[in-house]
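my_file.pdb (PDB, C-alpha atoms, pLDDT in the B column)
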ATOM      1  CA  MET A   1     -34.895 207.166 259.340  1.00 80.00           C
ATOM      2  CA  THR A   2     -32.791 203.997 259.398  1.00 95.00           C
ATOM      3  CA  ILE A   3     -34.084 201.479 261.933  1.00 97.00           C
ATOM      4  CA  ILE A   4     -31.393 199.492 263.764  1.00 98.00           C
ATOM      5  CA  ASN A   5     -32.490 196.415 265.688  1.00 97.00           C
ATOM      6  CA  PHE A   6     -30.699 195.383 268.873  1.00 97.00           C
ATOM      7  CA  PHE A   7     -31.234 192.445 271.209  1.00 94.00           C
ATOM      8  CA  TRP A   8     -30.818 192.589 274.982  1.00 94.00           C
ATOM      9  CA  ARG A   9     -31.372 190.267 277.896  1.00 89.00           C
ATOM     10  CA  GLY A  10     -30.173 190.711 281.464  1.00 87.00           C
ATOM     11  CA  MET A  11     -30.273 193.109 284.398  1.00 88.00           C
ATOM     12  CA  ARG A  12     -26.862 194.597 283.683  1.00 90.00           C
ATOM     13  CA  PHE A  13     -26.868 197.405 281.110  1.00 96.00           C
ATOM     14  CA  GLY A  14     -23.767 199.545 281.387  1.00 96.00           C
ATOM     15  CA  PHE A  15     -21.931 202.606 280.180  1.00 98.00           C
ATOM     16  CA  LEU A  16     -20.701 201.017 276.946  1.00 98.00           C
ATOM     17  CA  GLU A  17     -24.161 199.850 275.883  1.00 98.00           C
ATOM     18  CA  ASN A  18     -25.551 203.276 276.742  1.00 98.00           C
ATOM     19  CA  ILE A  19     -23.105 205.175 274.531  1.00 98.00           C
ATOM     20  CA  VAL A  20     -23.540 202.661 271.698  1.00 98.00           C
ATOM     21  CA  LEU A  21     -27.272 203.398 271.509  1.00 98.00           C
ATOM     22  CA  LYS A  22     -26.607 207.133 271.786  1.00 98.00           C
ATOM     23  CA  SER A  23     -24.108 206.926 268.937  1.00 98.00           C
ATOM     24  CA  HIS A  24     -26.745 205.416 266.663  1.00 98.00           C
ATOM     25  CA  ILE A  25     -29.190 208.164 267.556  1.00 98.00           C
ATOM     26  CA  LYS A  26     -26.526 210.779 266.823  1.00 97.00           C
ATOM     27  CA  VAL A  27     -25.846 209.511 263.282  1.00 97.00           C
ATOM     28  CA  GLY A  28     -29.563 209.427 262.444  1.00 97.00           C
ATOM     29  CA  HIS A  29     -30.545 205.861 263.265  1.00 98.00           C
ATOM     30  CA  GLU A  30     -33.683 204.845 265.119  1.00 98.00           C
ATOM     31  CA  PRO A  31     -32.750 202.132 267.664  1.00 98.00           C
ATOM     32  CA  ILE A  32     -35.208 199.386 268.513  1.00 98.00           C
ATOM     33  CA  VAL A  33     -34.148 197.214 271.446  1.00 97.00           C
ATOM     34  CA  TRP A  34     -35.818 193.809 271.416  1.00 95.00           C
ATOM     35  CA  LEU A  35     -35.900 192.967 275.090  1.00 94.00           C
ATOM     36  CA  SER A  36     -36.010 189.428 276.433  1.00 88.00           C
ATOM     37  CA  GLY A  37     -37.136 189.079 280.028  1.00 86.00           C
ATOM     38  CA  GLU A  38     -37.270 191.912 282.546  1.00 90.00           C
ATOM     39  CA  LYS A  39     -36.000 195.433 281.981  1.00 94.00           C
ATOM     40  CA  PRO A  40     -32.411 196.079 283.075  1.00 95.00           C
ATOM     41  CA  GLN A  41     -32.011 197.665 286.489  1.00 92.00           C
ATOM     42  CA  SER A  42     -29.399 200.351 285.929  1.00 95.00           C
ATOM     43  CA  SER A  43     -29.138 204.117 285.653  1.00 97.00           C
ATOM     44  CA  TYR A  44     -27.686 203.721 282.145  1.00 98.00           C
ATOM     45  CA  TRP A  45     -30.834 201.922 280.988  1.00 98.00           C
ATOM     46  CA  ASN A  46     -33.074 204.486 282.659  1.00 97.00           C
ATOM     47  CA  ASP A  47     -31.109 207.220 280.896  1.00 97.00           C
ATOM     48  CA  ILE A  48     -31.642 205.780 277.399  1.00 97.00           C
ATOM     49  CA  GLU A  49     -35.025 204.031 277.641  1.00 97.00           C
ATOM     50  CA  LYS A  50     -37.173 207.025 276.648  1.00 95.00           C
ATOM     51  CA  LYS A  51     -34.947 207.756 273.647  1.00 97.00           C
ATOM     52  CA  ILE A  52     -35.406 204.344 272.031  1.00 98.00           C
ATOM     53  CA  THR A  53     -38.193 201.934 271.103  1.00 98.00           C
ATOM     54  CA  VAL A  54     -38.432 198.784 273.231  1.00 97.00           C
ATOM     55  CA  LYS A  55     -40.169 195.655 271.919  1.00 96.00           C
ATOM     56  CA  ASN A  56     -40.715 192.116 273.167  1.00 92.00           C
ATOM     57  CA  ALA A  57     -38.013 189.806 271.826  1.00 90.00           C
ATOM     58  CA  ASP A  58     -40.367 186.807 271.764  1.00 84.00           C
ATOM     59  CA  PHE A  59     -42.076 186.562 268.393  1.00 79.00           C
ATOM     60  CA  ALA A  60     -44.032 183.824 266.661  1.00 65.00           C
ATOM     61  CA  ASP A  61     -41.137 182.009 264.979  1.00 72.00           C
ATOM     62  CA  PHE A  62     -38.790 181.919 267.957  1.00 76.00           C
ATOM     63  CA  LYS A  63     -39.497 182.355 271.648  1.00 75.00           C
ATOM     64  CA  LEU A  64     -36.108 182.780 273.273  1.00 74.00           C
ATOM     65  CA  SER A  65     -37.496 182.515 276.792  1.00 73.00           C
ATOM     66  CA  GLU A  66     -38.880 179.048 276.049  1.00 74.00           C
ATOM     67  CA  PHE A  67     -35.545 177.998 274.540  1.00 72.00           C
ATOM     68  CA  LEU A  68     -33.720 178.994 277.729  1.00 73.00           C
ATOM     69  CA  VAL A  69     -36.260 177.346 280.028  1.00 71.00           C
ATOM     70  CA  THR A  70     -35.627 174.035 278.272  1.00 69.00           C
ATOM     71  CA  GLY A  71     -31.892 174.299 278.987  1.00 65.00           C
ATOM     72  CA  GLY A  72     -30.641 176.126 275.911  1.00 64.00           C
ATOM     73  CA  ASP A  73     -27.316 177.963 276.125  1.00 70.00           C
ATOM     74  CA  PHE A  74     -27.781 181.758 276.215  1.00 74.00           C
ATOM     75  CA  ARG A  75     -25.158 182.609 273.592  1.00 74.00           C
ATOM     76  CA  THR A  76     -26.596 179.984 271.266  1.00 77.00           C
ATOM     77  CA  ALA A  77     -30.030 181.430 271.943  1.00 80.00           C
ATOM     78  CA  ALA A  78     -28.841 184.940 271.088  1.00 82.00           C
ATOM     79  CA  ASP A  79     -27.403 183.729 267.777  1.00 83.00           C
ATOM     80  CA  LEU A  80     -30.592 181.853 266.965  1.00 85.00           C
ATOM     81  CA  TRP A  81     -32.686 184.904 267.821  1.00 88.00           C
ATOM     82  CA  ARG A  82     -30.635 187.052 265.451  1.00 89.00           C
ATOM     83  CA  PHE A  83     -31.037 184.624 262.548  1.00 91.00           C
ATOM     84  CA  HIS A  84     -34.738 183.982 263.205  1.00 91.00           C
ATOM     85  CA  PHE A  85     -35.307 187.734 263.379  1.00 93.00           C
ATOM     86  CA  LEU A  86     -33.521 188.446 260.098  1.00 94.00           C
ATOM     87  CA  TYR A  87     -35.336 185.620 258.364  1.00 94.00           C
ATOM     88  CA  SER A  88     -38.730 186.770 259.630  1.00 93.00           C
ATOM     89  CA  PHE A  89     -38.366 190.539 259.297  1.00 94.00           C
ATOM     90  CA  GLY A  90     -35.132 191.444 257.511  1.00 96.00           C
ATOM     91  CA  GLY A  91     -33.536 194.854 258.048  1.00 97.00           C
ATOM     92  CA  ILE A  92     -30.478 195.692 260.122  1.00 97.00           C
ATOM     93  CA  TYR A  93     -29.416 193.778 263.204  1.00 97.00           C
ATOM     94  CA  CYS A  94     -26.624 195.278 265.315  1.00 96.00           C
ATOM     95  CA  ASP A  95     -24.830 194.094 268.448  1.00 94.00           C
ATOM     96  CA  THR A  96     -25.053 196.398 271.469  1.00 95.00           C
ATOM     97  CA  ASP A  97     -21.260 196.820 271.389  1.00 95.00           C
ATOM     98  CA  ALA A  98     -21.087 198.315 267.871  1.00 97.00           C
ATOM     99  CA  PHE A  99     -20.584 202.081 268.220  1.00 98.00           C
ATOM    100  CA  ALA A 100     -21.863 203.996 265.164  1.00 98.00           C
ATOM    101  CA  LEU A 101     -19.631 206.659 263.603  1.00 97.00           C
ATOM    102  CA  LYS A 102     -21.861 207.529 260.655  1.00 97.00           C
ATOM    103  CA  LYS A 103     -25.135 206.478 259.077  1.00 97.00           C
ATOM    104  CA  PHE A 104     -24.979 202.922 257.760  1.00 98.00           C
ATOM    105  CA  PRO A 105     -25.149 202.444 253.975  1.00 96.00           C
ATOM    106  CA  ASP A 106     -28.496 201.866 252.295  1.00 96.00           C
ATOM    107  CA  ASP A 107     -27.262 198.713 250.557  1.00 96.00           C
ATOM    108  CA  GLU A 108     -29.647 195.762 250.539  1.00 97.00           C
ATOM    109  CA  TRP A 109     -27.078 193.476 252.202  1.00 97.00           C
ATOM    110  CA  ILE A 110     -24.394 194.018 254.860  1.00 96.00           C
ATOM    111  CA  VAL A 111     -22.553 190.845 255.793  1.00 93.00           C
ATOM    112  CA  CYS A 112     -18.980 191.139 256.995  1.00 89.00           C
ATOM    113  CA  SER A 113     -16.925 189.934 259.925  1.00 84.00           C
ATOM    114  CA  ALA A 114     -14.254 190.901 262.404  1.00 80.00           C
ATOM    115  CA  GLU A 115     -12.378 187.805 261.327  1.00 74.00           C
ATOM    116  CA  LYS A 116      -9.795 187.658 258.581  1.00 65.00           C
ATOM    117  CA  GLN A 117     -11.519 188.065 255.233  1.00 50.00           C
ATOM    118  CA  PRO A 118     -11.780 184.717 253.456  1.00 48.00           C
ATOM    119  CA  HIS A 119     -10.354 184.249 249.989  1.00 44.00           C
ATOM    120  CA  MET A 120     -12.678 184.216 247.011  1.00 41.00           C
ATOM    121  CA  VAL A 121     -14.050 180.723 246.477  1.00 42.00           C
ATOM    122  CA  SER A 122     -16.114 179.772 243.445  1.00 41.00           C
ATOM    123  CA  ILE A 123     -19.284 177.719 243.815  1.00 42.00           C
ATOM    124  CA  GLY A 124     -17.746 174.776 242.046  1.00 44.00           C
ATOM    125  CA  VAL A 125     -14.691 174.665 244.314  1.00 43.00           C
ATOM    126  CA  LEU A 126     -16.388 175.315 247.658  1.00 42.00           C
ATOM    127  CA  LYS A 127     -16.379 172.153 249.758  1.00 43.00           C
ATOM    128  CA  ALA A 128     -16.982 173.473 253.261  1.00 45.00           C
ATOM    129  CA  PRO A 129     -18.191 176.940 254.273  1.00 43.00           C
ATOM    130  CA  PRO A 130     -15.572 178.843 256.308  1.00 45.00           C
ATOM    131  CA  PRO A 131     -16.909 179.418 259.836  1.00 46.00           C
ATOM    132  CA  LEU A 132     -16.509 183.031 260.975  1.00 48.00           C
ATOM    133  CA  VAL A 133     -17.329 184.709 264.264  1.00 51.00           C
ATOM    134  CA  SER A 134     -17.977 188.318 265.269  1.00 63.00           C
ATOM    135  CA  ILE A 135     -20.878 188.884 262.909  1.00 81.00           C
ATOM    136  CA  GLY A 136     -22.119 191.916 264.821  1.00 89.00           C
ATOM    137  CA  VAL A 137     -23.722 193.983 262.046  1.00 95.00           C
ATOM    138  CA  LEU A 138     -26.024 192.277 259.556  1.00 95.00           C
ATOM    139  CA  LYS A 139     -28.488 193.606 257.012  1.00 97.00           C
ATOM    140  CA  ALA A 140     -30.589 191.482 254.700  1.00 96.00           C
ATOM    141  CA  PRO A 141     -33.990 191.234 253.044  1.00 97.00           C
ATOM    142  CA  PRO A 142     -36.519 188.994 254.826  1.00 96.00           C
ATOM    143  CA  HIS A 143     -37.198 185.318 254.152  1.00 96.00           C
ATOM    144  CA  HIS A 144     -33.788 184.454 252.759  1.00 94.00           C
ATOM    145  CA  GLU A 145     -32.614 180.847 252.927  1.00 93.00           C
ATOM    146  CA  ILE A 146     -29.143 181.965 254.076  1.00 92.00           C
ATOM    147  CA  PHE A 147     -30.526 182.463 257.570  1.00 91.00           C
ATOM    148  CA  LEU A 148     -32.395 179.171 257.568  1.00 90.00           C
ATOM    149  CA  GLU A 149     -29.043 177.551 256.873  1.00 88.00           C
ATOM    150  CA  CYS A 150     -27.452 179.635 259.639  1.00 86.00           C
ATOM    151  CA  ILE A 151     -30.113 178.378 262.066  1.00 85.00           C
ATOM    152  CA  SER A 152     -29.476 174.755 261.119  1.00 83.00           C
ATOM    153  CA  ASN A 153     -25.690 175.248 261.449  1.00 77.00           C
ATOM    154  CA  VAL A 154     -25.656 176.820 264.916  1.00 72.00           C
ATOM    155  CA  ARG A 155     -23.946 174.464 267.329  1.00 61.00           C
ATOM    156  CA  LYS A 156     -25.796 173.259 270.404  1.00 54.00           C
ATOM    157  CA  GLU A 157     -23.009 174.718 272.560  1.00 51.00           C
ATOM    158  CA  TRP A 158     -21.942 178.184 271.500  1.00 51.00           C
ATOM    159  CA  GLY A 159     -19.058 178.287 269.034  1.00 53.00           C
ATOM    160  CA  ASN A 160     -18.289 179.731 265.643  1.00 56.00           C
ATOM    161  CA  VAL A 161     -21.141 181.416 263.833  1.00 65.00           C
ATOM    162  CA  GLN A 162     -21.495 180.330 260.229  1.00 71.00           C
ATOM    163  CA  VAL A 163     -22.902 182.970 257.912  1.00 81.00           C
ATOM    164  CA  PHE A 164     -20.799 182.402 254.801  1.00 82.00           C
ATOM    165  CA  THR A 165     -22.691 179.189 254.111  1.00 82.00           C
ATOM    166  CA  ASP A 166     -23.456 177.178 250.980  1.00 87.00           C
ATOM    167  CA  ALA A 167     -26.636 179.238 250.627  1.00 91.00           C
ATOM    168  CA  TYR A 168     -24.537 182.424 250.820  1.00 91.00           C
ATOM    169  CA  SER A 169     -22.199 181.107 248.126  1.00 91.00           C
ATOM    170  CA  LYS A 170     -25.147 180.117 245.945  1.00 93.00           C
ATOM    171  CA  HIS A 171     -26.682 183.597 246.252  1.00 94.00           C
ATOM    172  CA  PHE A 172     -23.538 185.716 245.838  1.00 93.00           C
ATOM    173  CA  GLY A 173     -21.319 183.373 243.836  1.00 94.00           C
ATOM    174  CA  HIS A 174     -18.537 183.532 246.421  1.00 89.00           C
ATOM    175  CA  THR A 175     -17.919 183.558 250.166  1.00 86.00           C
ATOM    176  CA  ASN A 176     -16.474 187.050 250.473  1.00 88.00           C
ATOM    177  CA  PRO A 177     -18.173 189.630 252.704  1.00 91.00           C
ATOM    178  CA  THR A 178     -20.402 192.199 251.045  1.00 94.00           C
ATOM    179  CA  HIS A 179     -18.231 195.046 252.382  1.00 94.00           C
ATOM    180  CA  ASP A 180     -14.649 195.525 253.481  1.00 93.00           C
ATOM    181  CA  ASN A 181     -14.546 194.187 257.035  1.00 92.00           C
ATOM    182  CA  LYS A 182     -12.762 197.292 258.321  1.00 94.00           C
ATOM    183  CA  LEU A 183     -15.749 199.465 257.460  1.00 96.00           C
ATOM    184  CA  PHE A 184     -17.524 197.939 260.467  1.00 96.00           C
ATOM    185  CA  TYR A 185     -14.612 196.368 262.385  1.00 95.00           C
ATOM    186  CA  PRO A 186     -11.557 198.688 262.243  1.00 95.00           C
ATOM    187  CA  TYR A 187      -9.650 196.235 264.441  1.00 94.00           C
ATOM    188  CA  ARG A 188     -10.146 192.537 265.126  1.00 89.00           C
ATOM    189  CA  TRP A 189     -11.477 190.817 268.250  1.00 87.00           C
ATOM    190  CA  HIS A 190      -8.055 189.861 269.647  1.00 89.00           C
ATOM    191  CA  GLU A 191      -7.066 193.553 269.501  1.00 94.00           C
ATOM    192  CA  TRP A 192      -9.789 194.532 271.982  1.00 95.00           C
ATOM    193  CA  LYS A 193      -7.293 196.480 274.114  1.00 97.00           C
ATOM    194  CA  LYS A 194      -7.103 199.148 271.396  1.00 97.00           C
ATOM    195  CA  LEU A 195     -10.289 200.605 272.846  1.00 98.00           C
ATOM    196  CA  PHE A 196      -8.324 201.721 275.899  1.00 98.00           C
ATOM    197  CA  LYS A 197      -5.163 202.878 274.136  1.00 97.00           C
ATOM    198  CA  LYS A 198      -4.298 206.102 272.358  1.00 96.00           C
ATOM    199  CA  GLY A 199      -5.442 206.151 268.769  1.00 90.00           C
ATOM    200  CA  LYS A 200      -7.316 208.033 266.068  1.00 92.00           C
ATOM    201  CA  LEU A 201     -10.986 207.720 265.276  1.00 95.00           C
ATOM    202  CA  PRO A 202     -11.267 205.596 262.120  1.00 94.00           C
ATOM    203  CA  SER A 203     -12.315 208.103 259.459  1.00 91.00           C
ATOM    204  CA  ASN A 204     -13.673 205.647 256.888  1.00 94.00           C
ATOM    205  CA  SER A 205     -15.550 203.230 259.147  1.00 97.00           C
ATOM    206  CA  TYR A 206     -19.258 203.126 259.842  1.00 98.00           C
ATOM    207  CA  SER A 207     -18.771 201.626 263.283  1.00 97.00           C
ATOM    208  CA  VAL A 208     -16.301 200.508 265.939  1.00 97.00           C
ATOM    209  CA  HIS A 209     -16.914 197.127 267.528  1.00 95.00           C
ATOM    210  CA  PHE A 210     -16.016 196.933 271.222  1.00 95.00           C
ATOM    211  CA  TYR A 211     -16.063 193.092 271.436  1.00 92.00           C
ATOM    212  CA  GLY A 212     -18.073 193.042 274.626  1.00 91.00           C
ATOM    213  CA  LYS A 213     -17.516 189.357 275.313  1.00 87.00           C
ATOM    214  CA  MET A 214     -13.738 189.824 275.258  1.00 90.00           C
ATOM    215  CA  LEU A 215     -14.100 192.775 277.628  1.00 95.00           C
ATOM    216  CA  GLU A 216     -16.224 190.715 280.010  1.00 92.00           C
ATOM    217  CA  ILE A 217     -13.779 187.802 279.957  1.00 91.00           C
ATOM    218  CA  ASN A 218     -10.652 189.885 280.464  1.00 95.00           C
ATOM    219  CA  LEU A 219     -11.864 192.776 282.632  1.00 96.00           C
ATOM    220  CA  LYS A 220     -14.588 191.070 284.686  1.00 93.00           C
ATOM    221  CA  GLU A 221     -15.684 193.377 287.521  1.00 92.00           C
ATOM    222  CA  ARG A 222     -13.201 196.054 286.365  1.00 96.00           C
ATOM    223  CA  LEU A 223     -15.352 196.667 283.280  1.00 95.00           C
ATOM    224  CA  ASP A 224     -17.535 199.043 285.289  1.00 94.00           C
ATOM    225  CA  ASP A 225     -14.482 201.260 285.864  1.00 96.00           C
ATOM    226  CA  TYR A 226     -14.617 202.350 282.227  1.00 97.00           C
ATOM    227  CA  ASN A 227     -17.194 205.102 282.319  1.00 97.00           C
ATOM    228  CA  GLU A 228     -17.609 208.858 281.829  1.00 97.00           C
ATOM    229  CA  ARG A 229     -15.025 209.691 284.476  1.00 97.00           C
ATOM    230  CA  TRP A 230     -12.477 207.339 282.926  1.00 98.00           C
ATOM    231  CA  CYS A 231     -13.047 208.961 279.518  1.00 97.00           C
ATOM    232  CA  GLU A 232     -12.557 212.428 280.978  1.00 97.00           C
ATOM    233  CA  ARG A 233      -9.232 211.302 282.479  1.00 97.00           C
ATOM    234  CA  ASN A 234      -8.137 209.531 279.285  1.00 97.00           C
ATOM    235  CA  PRO A 235      -9.245 211.743 276.382  1.00 96.00           C
ATOM    236  CA  GLY A 236      -6.506 210.509 274.037  1.00 97.00           C
ATOM    237  CA  THR A 237      -7.675 206.886 274.066  1.00 98.00           C
ATOM    238  CA  LEU A 238     -10.047 205.522 271.442  1.00 98.00           C
ATOM    239  CA  LEU A 239     -12.822 205.171 274.022  1.00 98.00           C
ATOM    240  CA  GLY A 240     -12.152 208.670 275.301  1.00 97.00           C
ATOM    241  CA  LYS A 241     -12.313 210.125 271.804  1.00 97.00           C
ATOM    242  CA  LEU A 242     -15.517 208.259 271.018  1.00 97.00           C
ATOM    243  CA  TRP A 243     -17.118 209.573 274.190  1.00 97.00           C
ATOM    244  CA  TYR A 244     -15.997 213.161 273.507  1.00 96.00           C
ATOM    245  CA  TRP A 245     -17.236 212.873 269.920  1.00 96.00           C
ATOM    246  CA  LEU A 246     -20.592 211.779 271.297  1.00 96.00           C
ATOM    247  CA  GLN A 247     -20.673 214.801 273.589  1.00 92.00           C
ATOM    248  CA  ASP A 248     -19.590 217.151 270.779  1.00 82.00           C
ATOM    249  CA  LYS A 249     -16.571 217.978 272.899  1.00 55.00           C
ATOM    250  CA  LYS A 250     -13.057 218.542 271.582  1.00 49.00           C
TER     251      LYS A 250
END

How does this structure look as structure tokens?
Amino acid sequence: MTIINFFWRGMRFGFLENIVLKSHIKVGHEPIVWLSGEKPQSSYWNDIEKKITVKNADFADFKLSEFLVTGGDFRTAADLWRFHFLYSFGGIYCDTDAFALKKFPDDEWIVCSAEKQPHMVSIGVLKAPPPLVSIGVLKAPPHHEIFLECISNVRKEWGNVQVFTDAYSKHFGHTNPTHDNKLFYPYRWHEWKKLFKKGKLPSNSYSVHFYGKMLEINLKERLDDYNERWCERNPGTLLGKLWYWLQDKK
């Protein structure tokens, strides 16, 4: 069984997060949700809670709750948690808006981005690591200096997430992702509307990233309108097809 680690904090846990966790179960993953703070108060959380493992997100090397109490920005805290977790434990970290289409590869490393793939840069030429965002699926062995460098590079106020760092270049010999970006991000963050338009399920990808932050920014309270009933009414859209695939419906 492939363990997939997720992070969650907040009372709101909706339809999209619910089907993401169910998609991972369907492809043979075992989801662990590392929960910070109180349990979400929603029917979608109640529906999935007994099908997953829930653990306390505070661990010895990084207590997110303490970081927030001292005035830390939540998005910065979430990034720091991810990097501290991967450094301490290794394994697979996955955002709660990354819908699984098939079992993730058993490769030791998975580091790719929804951003445009950077050009190959040799160690000798690299002067500044290219900052990339949308690092929603990461797999690595524990105790790797790449994530210590990520932690030191995270901005005080949330911004670009640097993963293709000097330490990454030193380890891999370049700053290219370990996999083709489209295997985990069939479309990029600024194309978030594709989720609600007609389209085919990506046949070669391991996952589809929903870009939850873009949905929250652009849809606001209308985000809750996209649920089972919406999928039933819009079966030809990407979201509709993903939901029907999850239900084994045609």

Resolved residues for the PyMOL selection byres ((chain A and resi 28-34) around 8) as a PDB file with C-alpha atoms, in the frame of the given file:
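Final output, part24.pdb:
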ATOM      1  CA  MET A   1     -34.895 207.166 259.340  1.00 80.00           C
ATOM      2  CA  THR A   2     -32.791 203.997 259.398  1.00 95.00           C
ATOM      3  CA  ILE A   3     -34.084 201.479 261.933  1.00 97.00           C
ATOM      4  CA  ILE A   4     -31.393 199.492 263.764  1.00 98.00           C
ATOM      5  CA  ASN A   5     -32.490 196.415 265.688  1.00 97.00           C
ATOM      6  CA  PHE A   6     -30.699 195.383 268.873  1.00 97.00           C
ATOM      7  CA  PHE A   7     -31.234 192.445 271.209  1.00 94.00           C
ATOM      8  CA  TRP A   8     -30.818 192.589 274.982  1.00 94.00           C
ATOM      9  CA  LEU A  21     -27.272 203.398 271.509  1.00 98.00           C
ATOM     10  CA  HIS A  24     -26.745 205.416 266.663  1.00 98.00           C
ATOM     11  CA  ILE A  25     -29.190 208.164 267.556  1.00 98.00           C
ATOM     12  CA  LYS A  26     -26.526 210.779 266.823  1.00 97.00           C
ATOM     13  CA  VAL A  27     -25.846 209.511 263.282  1.00 97.00           C
ATOM     14  CA  LEU A  35     -35.900 192.967 275.090  1.00 94.00           C
ATOM     15  CA  SER A  36     -36.010 189.428 276.433  1.00 88.00           C
ATOM     16  CA  ILE A  52     -35.406 204.344 272.031  1.00 98.00           C
ATOM     17  CA  THR A  53     -38.193 201.934 271.103  1.00 98.00           C
ATOM     18  CA  VAL A  54     -38.432 198.784 273.231  1.00 97.00           C
ATOM     19  CA  LYS A  55     -40.169 195.655 271.919  1.00 96.00           C
ATOM     20  CA  ASN A  56     -40.715 192.116 273.167  1.00 92.00           C
ATOM     21  CA  ALA A  57     -38.013 189.806 271.826  1.00 90.00           C
ATOM     22  CA  LYS A 103     -25.135 206.478 259.077  1.00 97.00           C
TER      23      LYS A 103
END

Practice item. Using the chain letters and numbering of this document, enumerate as a list in words the residues selected by the PyMOL selection byres ((chain A and resi 20) around 7). Key: Leu16, Glu17, Asn18, Ile19, Leu21, Lys22, Ser23, His24, Thr96, Asp97, Ala98, Phe99 and Ala100 of chain A

Point to revise | Result set, the PyMOL selection byres ((chain A and resi 38) around 9) on current file, as an MDAnalysis selection string | key: chainID A and resid 9:11 35:37 39:41

Review point. A:Tyr44, A:Phe15, A:Phe62, A:Tyr187: which is nearest Arg229 in chain A, counting only C-alpha atoms?
Key: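 Counting only C-alpha atoms, the residue closest to Arg229 in chain A is A:Phe15.
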
Check your understanding: For Glu232 in chain A, which of A:Thr178, A:Gln162, A:Gln247, A:Asn218 is the closest residue, counting only C-alpha atoms?
Key ->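 Among A:Thr178, A:Gln162, A:Gln247, A:Asn218, it is A:Gln247 that comes nearest to Glu232 in chain A.
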
Review point. CA of His190 in chain A to CA of Tyr211 in chain A: how many Å, to one decimal?
Key: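 Calculated distance between CA of His190 in chain A and CA of Tyr211 in chain A is 8.8 Å.
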
**Study point:** Residue nearest Ile217 in chain A among A:Trp192, A:Phe59, A:Thr165, A:Phe74 (counting only C-alpha atoms)
**Key:**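 Nearest to Ile217 in chain A: A:Trp192.
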
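Distance annotation: of A:Gly236, A:Cys94, A:Asp225, A:Pro105, the residue with the minimal separation from Ser205 in chain A is A:Pro105; atom set is all atoms listed in the file.
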